[in-house]
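K.L.:
Next up, my_file.txt (compact mmCIF, C-alpha atoms).
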# COMPACT_ATOMS: atom_id res chain seq x y z
CA MET O 27 155.03 35.94 -110.07
CA LYS O 28 157.06 35.36 -106.91
CA PRO O 29 155.34 35.79 -103.53
CA ILE O 30 155.89 38.93 -101.48
CA SER O 31 158.83 38.63 -99.11
CA LYS O 32 157.75 37.56 -95.63
CA THR O 33 160.28 39.96 -94.15
CA ALA O 34 158.38 42.83 -95.80
CA PHE O 35 155.25 41.85 -93.87
CA TYR O 36 157.24 41.42 -90.65
CA CYS O 37 158.82 44.88 -90.83
CA CYS O 38 155.49 46.45 -91.76
CA GLY O 39 153.74 44.60 -88.97
CA VAL O 40 155.99 45.86 -86.19
CA ARG O 41 155.44 49.42 -87.46
CA MET O 42 151.69 48.79 -87.47
CA ARG O 43 151.80 47.67 -83.83
CA ASP O 44 153.94 50.64 -82.94
CA ALA O 45 151.47 53.04 -84.56
CA GLU O 46 148.58 51.46 -82.68
CA GLY O 47 150.37 51.55 -79.32
CA PRO O 48 150.06 54.23 -76.62
CA SER O 49 153.39 55.96 -77.42
CA PRO O 50 154.28 55.48 -81.10
CA VAL O 51 157.92 55.79 -82.12
CA CYS O 52 157.34 55.94 -85.88
CA GLY O 53 153.61 56.56 -86.03
CA ASP O 54 153.30 54.81 -89.40
CA THR O 55 149.51 54.81 -89.57
CA TYR O 56 149.64 53.59 -93.17
CA ALA O 57 151.26 50.28 -92.22
CA ARG O 58 147.89 48.72 -91.35
CA LEU O 59 146.82 49.04 -95.01
CA PHE O 60 149.26 46.35 -96.11
CA MET O 61 148.74 43.78 -93.37
CA ASN O 62 146.51 41.05 -94.77
CA GLU O 63 145.81 37.72 -93.09
CA GLU O 64 149.10 36.23 -94.27
CA GLY O 65 150.99 39.25 -92.98
CA LEU O 66 149.36 39.00 -89.56
CA GLN O 67 150.27 35.31 -89.33
CA ILE O 68 153.89 36.11 -90.19
CA LEU O 69 153.97 38.85 -87.57
CA ALA O 70 152.57 36.52 -84.91
CA ALA O 71 155.63 34.29 -85.27
CA PHE O 72 157.71 37.16 -83.84
CA ASP O 73 155.59 37.82 -80.77
CA ASP O 74 158.37 36.38 -78.60
CA GLU O 75 161.07 38.63 -80.11
CA PRO O 76 160.57 41.96 -78.29
CA ARG O 77 164.13 43.22 -78.73
CA PRO O 78 164.38 42.66 -82.51
CA ASN O 79 160.87 44.09 -82.92
CA ALA O 80 161.77 47.21 -80.97
CA SER O 81 165.06 47.54 -82.84
CA ASN O 82 163.25 47.33 -86.16
CA VAL O 83 160.99 50.23 -85.21
CA ALA O 84 163.91 52.24 -83.80
CA ARG O 85 165.89 51.72 -87.00
CA HIS O 86 163.02 53.06 -89.06
CA ARG O 87 162.64 56.10 -86.80
CA ILE O 88 166.36 56.90 -86.96
CA ILE O 89 166.14 56.99 -90.75
CA ASP O 90 162.90 59.00 -90.59
CA ASP O 91 164.65 61.65 -88.50
CA ARG O 92 167.61 61.85 -90.87
CA LEU O 93 165.31 62.26 -93.85
CA ARG O 94 163.31 64.97 -92.11
CA ARG O 95 166.49 66.99 -91.62
CA GLU O 96 167.65 66.45 -95.18
CA LEU O 97 164.27 67.40 -96.65
CA ALA O 98 163.99 70.50 -94.47
CA ALA O 99 167.32 71.65 -95.91
CA ASP O 100 166.45 70.65 -99.49
CA PRO O 101 162.72 70.13 -100.18
CA LYS O 102 163.49 69.08 -103.77
CA LEU O 103 165.91 66.33 -102.76
CA LEU O 104 165.75 63.10 -104.77
CA VAL O 105 165.16 60.20 -102.36
CA VAL O 106 165.74 56.70 -103.74
CA ILE O 107 164.60 53.74 -101.63
CA ILE O 108 166.04 50.42 -102.79
CA GLY O 109 164.13 47.38 -101.55
CA ALA O 110 161.34 49.67 -100.39
CA GLY O 111 158.95 47.00 -99.20
CA PHE O 112 155.98 48.70 -97.55
CA ASP O 113 157.86 51.92 -96.80
CA THR O 114 155.45 54.89 -96.50
CA ARG O 115 157.86 57.76 -95.90
CA ALA O 116 156.83 59.50 -99.13
CA TYR O 117 153.38 59.93 -97.54
CA ARG O 118 154.53 60.74 -94.01
CA LEU O 119 157.36 63.19 -94.65
CA LYS O 120 157.10 66.60 -96.27
CA GLY O 121 158.97 67.35 -99.47
CA GLY O 122 161.23 65.44 -101.82
CA THR O 123 160.98 63.59 -105.10
CA TRP O 124 160.68 59.92 -104.21
CA ILE O 125 161.57 56.74 -106.06
CA GLU O 126 160.69 53.35 -104.61
CA LEU O 127 162.17 50.19 -106.12
CA ASP O 128 161.22 46.64 -105.29
CA GLU O 129 160.13 43.36 -106.81
CA PRO O 130 157.12 43.56 -109.18
CA GLN O 131 154.82 41.67 -106.81
CA VAL O 132 155.54 44.14 -104.00
CA ILE O 133 154.94 47.18 -106.21
CA GLU O 134 151.69 45.75 -107.60
CA TYR O 135 150.34 44.91 -104.14
CA LYS O 136 151.40 48.27 -102.75
CA GLU O 137 149.74 50.19 -105.58
CA GLY O 138 146.49 48.34 -104.93
CA ARG O 139 146.46 49.39 -101.28
CA LEU O 140 148.11 52.83 -101.32
CA PRO O 141 148.41 54.26 -104.85
CA ALA O 142 151.31 56.54 -105.71
CA SER O 143 148.76 58.97 -107.14
CA ASP O 144 147.48 59.58 -103.59
CA CYS O 145 150.87 60.87 -102.43
CA GLU O 146 151.23 64.63 -101.96
CA ASN O 147 154.92 64.40 -102.80
CA GLU O 148 156.12 63.33 -106.23
CA LEU O 149 156.44 59.54 -106.09
CA ARG O 150 157.50 57.00 -108.69
CA ARG O 151 157.35 53.27 -108.02
CA ILE O 152 159.58 51.12 -110.19
CA PRO O 153 159.26 47.33 -110.31
CA VAL O 154 162.55 45.48 -110.69
CA ASP O 155 163.38 41.80 -110.62
CA PHE O 156 166.65 42.12 -108.72
CA SER O 157 167.79 38.66 -109.85
CA ALA O 158 167.27 39.26 -113.58
CA GLU O 159 167.02 42.99 -114.32
CA SER O 160 169.49 45.86 -114.16
CA LEU O 161 168.98 48.31 -111.33
CA GLU O 162 171.19 50.75 -113.22
CA GLU O 163 168.90 50.66 -116.25
CA LYS O 164 165.84 51.18 -114.07
CA LEU O 165 167.38 54.26 -112.45
CA ALA O 166 169.07 55.63 -115.57
CA PRO O 167 166.34 58.26 -116.23
CA PHE O 168 167.18 59.86 -112.87
CA ALA O 169 170.97 59.69 -113.15
CA GLY O 170 173.22 62.71 -112.85
CA ARG O 171 171.14 64.63 -110.33
CA THR O 172 173.09 67.27 -108.45
CA ARG O 173 172.47 65.34 -105.26
CA ALA O 174 170.51 62.28 -104.23
CA LEU O 175 169.86 60.44 -100.99
CA VAL O 176 169.68 56.65 -101.20
CA VAL O 177 168.07 54.54 -98.48
CA VAL O 178 168.92 50.85 -98.23
CA GLU O 179 167.17 49.70 -95.06
CA GLY O 180 167.11 46.13 -93.82
CA VAL O 181 168.75 44.89 -97.01
CA PHE O 182 172.54 44.65 -96.79
CA MET O 183 172.51 41.93 -94.14
CA TYR O 184 170.85 39.61 -96.68
CA LEU O 185 173.38 40.25 -99.47
CA ASP O 186 176.82 38.79 -99.98
CA GLU O 187 179.85 41.04 -100.23
CA GLY O 188 180.07 40.80 -104.01
CA ALA O 189 176.48 41.96 -104.47
CA ILE O 190 177.05 44.89 -102.12
CA ARG O 191 180.18 45.98 -103.98
CA GLU O 192 178.29 45.90 -107.27
CA LEU O 193 175.44 47.96 -105.83
CA LEU O 194 177.85 50.59 -104.52
CA LEU O 195 179.55 50.84 -107.91
CA THR O 196 176.14 51.25 -109.55
CA LEU O 197 175.19 54.05 -107.18
CA HIS O 198 178.46 55.87 -107.85
CA ARG O 199 177.90 55.68 -111.60
CA LEU O 200 174.31 56.90 -111.34
CA PHE O 201 174.74 59.54 -108.66
CA PRO O 202 178.34 60.81 -108.37
CA ARG O 203 177.27 62.94 -105.41
CA HIS O 204 174.93 61.14 -103.06
CA THR O 205 174.27 60.25 -99.46
CA LEU O 206 173.74 56.61 -98.55
CA VAL O 207 171.69 55.75 -95.45
CA CYS O 208 171.77 52.11 -94.41
CA ASP O 209 171.95 49.76 -91.44
CA LEU O 210 174.89 47.43 -90.79
CA MET O 211 175.44 44.67 -88.25
CA ASN O 212 178.85 43.34 -87.27
CA ARG O 213 179.70 39.74 -86.45
CA ARG O 214 180.06 40.27 -82.71
CA PHE O 215 176.57 41.71 -82.38
CA PHE O 216 175.10 39.02 -84.64
CA GLU O 217 176.63 36.21 -82.63
CA LYS O 218 175.49 37.72 -79.32
CA TYR O 219 171.98 38.88 -80.20
CA GLY O 220 171.08 37.93 -83.76
CA GLN O 221 170.89 34.15 -83.62
CA THR O 222 167.24 33.60 -82.75
CA ILE O 223 165.88 36.22 -85.14
CA ASN O 224 168.13 34.89 -87.91
CA LYS O 225 166.83 31.38 -87.33
CA LYS O 226 163.25 32.56 -87.85
CA ILE O 227 164.08 34.73 -90.85
CA SER O 228 166.18 31.97 -92.40
CA GLY O 229 163.13 29.75 -92.10
CA MET O 230 161.31 32.29 -94.27
CA GLY O 231 164.01 32.04 -96.93
CA ALA O 232 166.12 35.09 -96.07
CA PRO O 233 169.23 34.15 -94.04
CA PHE O 234 171.70 36.79 -92.89
CA LYS O 235 174.84 36.84 -95.06
CA PHE O 236 176.72 40.09 -94.44
CA THR O 237 177.67 40.11 -90.76
CA VAL O 238 181.44 40.57 -90.96
CA ASP O 239 183.78 41.90 -88.27
CA ASP O 240 183.97 45.38 -89.80
CA PRO O 241 181.13 46.00 -92.28
CA GLU O 242 182.02 49.69 -92.61
CA ARG O 243 185.29 48.84 -94.32
CA LEU O 244 183.56 47.83 -97.53
CA PHE O 245 181.97 51.26 -97.81
CA LEU O 246 185.02 53.27 -96.79
CA GLU O 247 187.05 51.41 -99.41
CA GLY O 248 184.26 51.88 -101.93
CA GLY O 249 184.36 55.64 -102.29
CA TYR O 250 182.51 56.81 -99.18
CA ARG O 251 183.28 58.60 -95.95
CA ARG O 252 181.23 58.07 -92.81
CA ALA O 253 179.11 61.10 -91.92
CA SER O 254 177.40 59.55 -88.89
CA LYS O 255 176.75 56.30 -87.05
CA ILE O 256 173.82 55.86 -84.67
CA SER O 257 173.40 52.75 -82.52
CA VAL O 258 170.01 51.18 -83.11
CA ILE O 259 170.07 49.65 -79.63
CA GLU O 260 170.87 52.90 -77.84
CA LYS O 261 168.12 54.68 -79.74
CA SER O 262 165.71 51.85 -79.03
CA VAL O 263 166.32 52.36 -75.32
CA GLU O 264 165.96 56.12 -75.73
CA PHE O 265 162.62 55.61 -77.44
CA GLN O 266 161.66 53.42 -74.45
CA ARG O 267 160.85 50.48 -76.65
CA ALA O 268 163.52 48.12 -75.29
CA GLY O 269 163.82 48.57 -71.56
CA ILE O 270 165.50 45.17 -71.30
CA ILE O 271 168.91 46.86 -71.54
CA PRO O 272 169.22 49.62 -68.89
CA ARG O 273 170.77 52.94 -69.91
CA LEU O 274 173.53 52.59 -67.32
CA VAL O 275 174.63 49.28 -68.80
CA LEU O 276 174.72 50.80 -72.28
CA LYS O 277 176.89 53.65 -71.02
CA THR O 278 179.48 51.24 -69.64
CA PHE O 279 180.71 47.89 -70.88
CA LEU O 280 177.93 47.19 -73.42
CA ARG O 281 178.39 50.41 -75.40
CA GLN O 282 180.85 48.87 -77.84
CA LEU O 283 178.58 45.88 -78.36
CA ALA O 284 175.52 48.10 -78.82
CA ALA O 285 177.37 49.96 -81.57
CA GLY O 286 177.56 46.68 -83.49
CA TYR O 287 174.16 47.31 -85.03
CA ALA O 288 173.78 50.84 -86.30
CA VAL O 289 172.33 53.14 -88.91
CA HIS O 290 175.18 54.57 -90.97
CA VAL O 291 175.18 57.67 -93.12
CA PHE O 292 177.85 57.66 -95.81
CA GLU O 293 178.75 60.50 -98.17
CA THR O 294 180.54 60.10 -101.49
CA VAL O 295 184.11 61.40 -101.57
The structure given in the file should be rewritten as structure tokens.
P.N.:
Amino acid sequence: MKPISKTAFYCCGVRMRDAEGPSPVCGDTYARLFMNEEGLQILAAFDDEPRPNASNVARHRIIDDRLRRELAADPKLLVVIIGAGFDTRAYRLKGGTWIELDEPQVIEYKEGRLPASDCENELRRIPVDFSAESLEEKLAPFAGRTRALVVVEGVFMYLDEGAIRELLLTLHRLFPRHTLVCDLMNRRFFEKYGQTINKKISGMGAPFKFTVDDPERLFLEGGYRRASKISVIEKSVEFQRAGIIPRLVLKTFLRQLAAGYAVHVFETV
């Protein structure tokens, strides 16, 4: 069995530190459950990356807030998380029918530390070898729902354009009416701010691949319309987790650059 992705431990670790800090942004108190000795060592390698760490937490909170609103409006909403890693939203948010998909080793480890049976919401965890198995077949039992919300967080930047197109086609076939929540980074932002974090993550076997000039285009041409776009950097400042970039600067000449890394909400058309 393949090892658990090091990026899964990194993302979980920054949420753990956030939850244990004086003013939590996400408050993911479950994150600590997954951080073993290996995970803590991986996290330590990012101690000198305060901006990416803060952005990671802000990204998660932005998606949390969107899901809270969606679930308040529709408590029976189907929420599908692709590449779930150590996501714990099914435990932290009220309502919804939840499906988490990730590699078998992630699902097995996660079940051993936080069983799906302990979740107050309905939760199904589905192991899938993304390199050899069909995501469409794994999700087929849930296809055709009146409406679904799909979360793809911290994933698209590691995929090439062909793989993203195929995933979007799969989602359209499975869920003709769905909302897609994801994060996208454009080339300008990557070249200005993403180089050092990419170097570390590439060293862990997960280099950035999808950082094109206009990442939205792929989605708008693929049967979606944009419902909202929220700058991760602006929200990070708002949450007071990245005071390195003053608010005044963001409001002036850096606003366009700050918009280069954002959480997007797309609706099917």
K.L.:
O:Asn147, O:Thr55, O:Ser262, O:Thr123: which is nearest Pro76 in chain O, counting all atoms listed in the file?
P.N.:
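Selected residue with least distance to Pro76 in chain O: O:Ser262.
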K.L.:
What lies within 12 Å of Ala71 in chain O using only C-alpha atoms, ignoring chain neighbours under 6 positions off, as an MDAnalysis selection string?
P.N.:
chainID O and resid 32:33 35:36 39:40 64:65 79 222:223 225:227 229:230
K.L.:
I need the residue nearest Gly249 in chain O from this list: O:Glu293, O:Asp209, O:Asp54, O:Asp74. Use all atoms listed in the file for the distance.
P.N.:
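Closest to Gly249 in chain O of all the choices is O:Glu293.
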K.L.:
Which residue, O:Leu69, O:Ile259, O:Leu194, O:Leu59, has the smallest gap to Phe215 in chain O when you use all atoms listed in the file?
P.N.:
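Result for the nearest residue to Phe215 in chain O: O:Ile259.
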K.L.:
First collect every listed atom of range 79-95 of chain O; then fit an axis-aligned box around them, widen it by 3 Å on each side, and give centre and edge lengths in Å to one decimal, as JSON.
P.N.:
{"center_x": 164.2, "center_y": 55.5, "center_z": -87.4, "size_x": 12.7, "size_y": 28.9, "size_z": 18.9}
K.L.:
Between O:Leu175, O:Ala116, O:Leu200, O:Leu165, which is the closest to Leu149 in chain O once you count all atoms listed in the file?
P.N.:
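Counting all atoms listed in the file, the residue closest to Leu149 in chain O is O:Ala116.
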K.L.:
As an exercise, work out the distance from CA of Ala285 in chain O to CA of Arg115 in chain O in Å and give it to one decimal place.
P.N.:
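Distance reported for this atom pair: 25.4 Å.
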K.L.:
Would you work out the distance separating CA of Cys38 in chain O from CA of Asp128 in chain O, expressed in Å to one decimal?
P.N.:
14.7 Å
K.L.:
Counting only C-alpha atoms, which of O:Glu247, O:Glu192, O:Glu260, O:Glu134 gets nearest to Val295 in chain O?
P.N.:
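Nearest to Val295 in chain O: O:Glu247.
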K.L.:
So, counting all atoms listed in the file, which residue among O:Gly180, O:Pro101, O:Pro48, O:Pro233 is closest to Gln266 in chain O?
P.N.:
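Nearest to Gln266 in chain O: O:Pro48.
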K.L.:
Rounded to one decimal place, report the CA of Tyr219 in chain O-CA of Arg87 in chain O distance in Å.
P.N.:
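Rounded to one decimal, the two atoms are 20.7 Å apart.
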K.L.:
Excluding Ile256 in chain O and residues on its chain fewer than 4 positions from it, collect all residues at most 7 Å away from it, counting all atoms listed in the file, and give them as a list in words.
P.N.:
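Listing them by chain and then by number gives Ala288, Val289 and His290 of chain O.
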K.L.:
In the coordinate frame of the file, compute which residues have an atom within 12 Å of (182.9, 49.8, -97.1) when using all atoms listed in the file, and state them as an MDAnalysis selection string.
P.N.:
chainID O and resid 182 187:188 190:195 206 208 210 236 238:252 290:294
K.L.:
Which residues are close to Glu163 in chain O, i.e. within 12 Å by all atoms listed in the file, leaving aside same-chain residues fewer than 6 positions away? Reply as a PyMOL selection string.
P.N.:
chain O and resi 152-156+169+196-197+199-200
K.L.:
Could you name the residues that touch Leu119 in chain O at 10 Å or less, counting all atoms listed in the file, but leaving out those on the same chain fewer than 5 positions away, as an MDAnalysis selection string?
P.N.:
chainID O and resid 90:91 93:94 97:98 114 146:147
K.L.:
Where atoms are absent from range 166-177 of chain O, fill them in so it carries N, CA and C atoms, then output it as an mmCIF file, in the coordinates of the input.
P.N.:
data_model
loop_
_atom_site.group_PDB
_atom_site.id
_atom_site.type_symbol
_atom_site.label_atom_id
_atom_site.label_comp_id
_atom_site.auth_asym_id
_atom_site.auth_seq_id
_atom_site.Cartn_x
_atom_site.Cartn_y
_atom_site.Cartn_z
ATOM 1 N N ALA O 166 168.371 54.778 -114.604
ATOM 2 C CA ALA O 166 169.070 55.630 -115.570
ATOM 3 C C ALA O 166 168.357 56.950 -115.861
ATOM 4 N N PRO O 167 167.012 56.984 -115.948
ATOM 5 C CA PRO O 167 166.340 58.260 -116.230
ATOM 6 C C PRO O 167 166.569 59.327 -115.150
ATOM 7 N N PHE O 168 167.005 58.912 -113.973
ATOM 8 C CA PHE O 168 167.180 59.860 -112.870
ATOM 9 C C PHE O 168 168.660 60.144 -112.584
ATOM 10 N N ALA O 169 169.537 59.576 -113.383
ATOM 11 C CA ALA O 169 170.970 59.690 -113.150
ATOM 12 C C ALA O 169 171.458 61.124 -113.331
ATOM 13 N N GLY O 170 172.573 61.417 -112.661
ATOM 14 C CA GLY O 170 173.220 62.710 -112.850
ATOM 15 C C GLY O 170 172.626 63.846 -112.054
ATOM 16 N N ARG O 171 171.688 63.566 -111.164
ATOM 17 C CA ARG O 171 171.140 64.630 -110.330
ATOM 18 C C ARG O 171 172.255 65.274 -109.514
ATOM 19 N N THR O 172 172.084 66.554 -109.229
ATOM 20 C CA THR O 172 173.090 67.270 -108.450
ATOM 21 C C THR O 172 173.371 66.564 -107.139
ATOM 22 N N ARG O 173 172.303 66.071 -106.517
ATOM 23 C CA ARG O 173 172.470 65.340 -105.260
ATOM 24 C C ARG O 173 171.289 64.415 -105.070
ATOM 25 N N ALA O 174 171.561 63.250 -104.525
ATOM 26 C CA ALA O 174 170.510 62.280 -104.230
ATOM 27 C C ALA O 174 170.787 61.662 -102.867
ATOM 28 N N LEU O 175 169.737 61.189 -102.237
ATOM 29 C CA LEU O 175 169.860 60.440 -100.990
ATOM 30 C C LEU O 175 169.288 59.050 -101.236
ATOM 31 N N VAL O 176 170.078 58.041 -100.953
ATOM 32 C CA VAL O 176 169.680 56.650 -101.200
ATOM 33 C C VAL O 176 169.504 55.945 -99.861
ATOM 34 N N VAL O 177 168.356 55.308 -99.691
ATOM 35 C CA VAL O 177 168.070 54.540 -98.480
ATOM 36 C C VAL O 177 168.087 53.059 -98.820
#
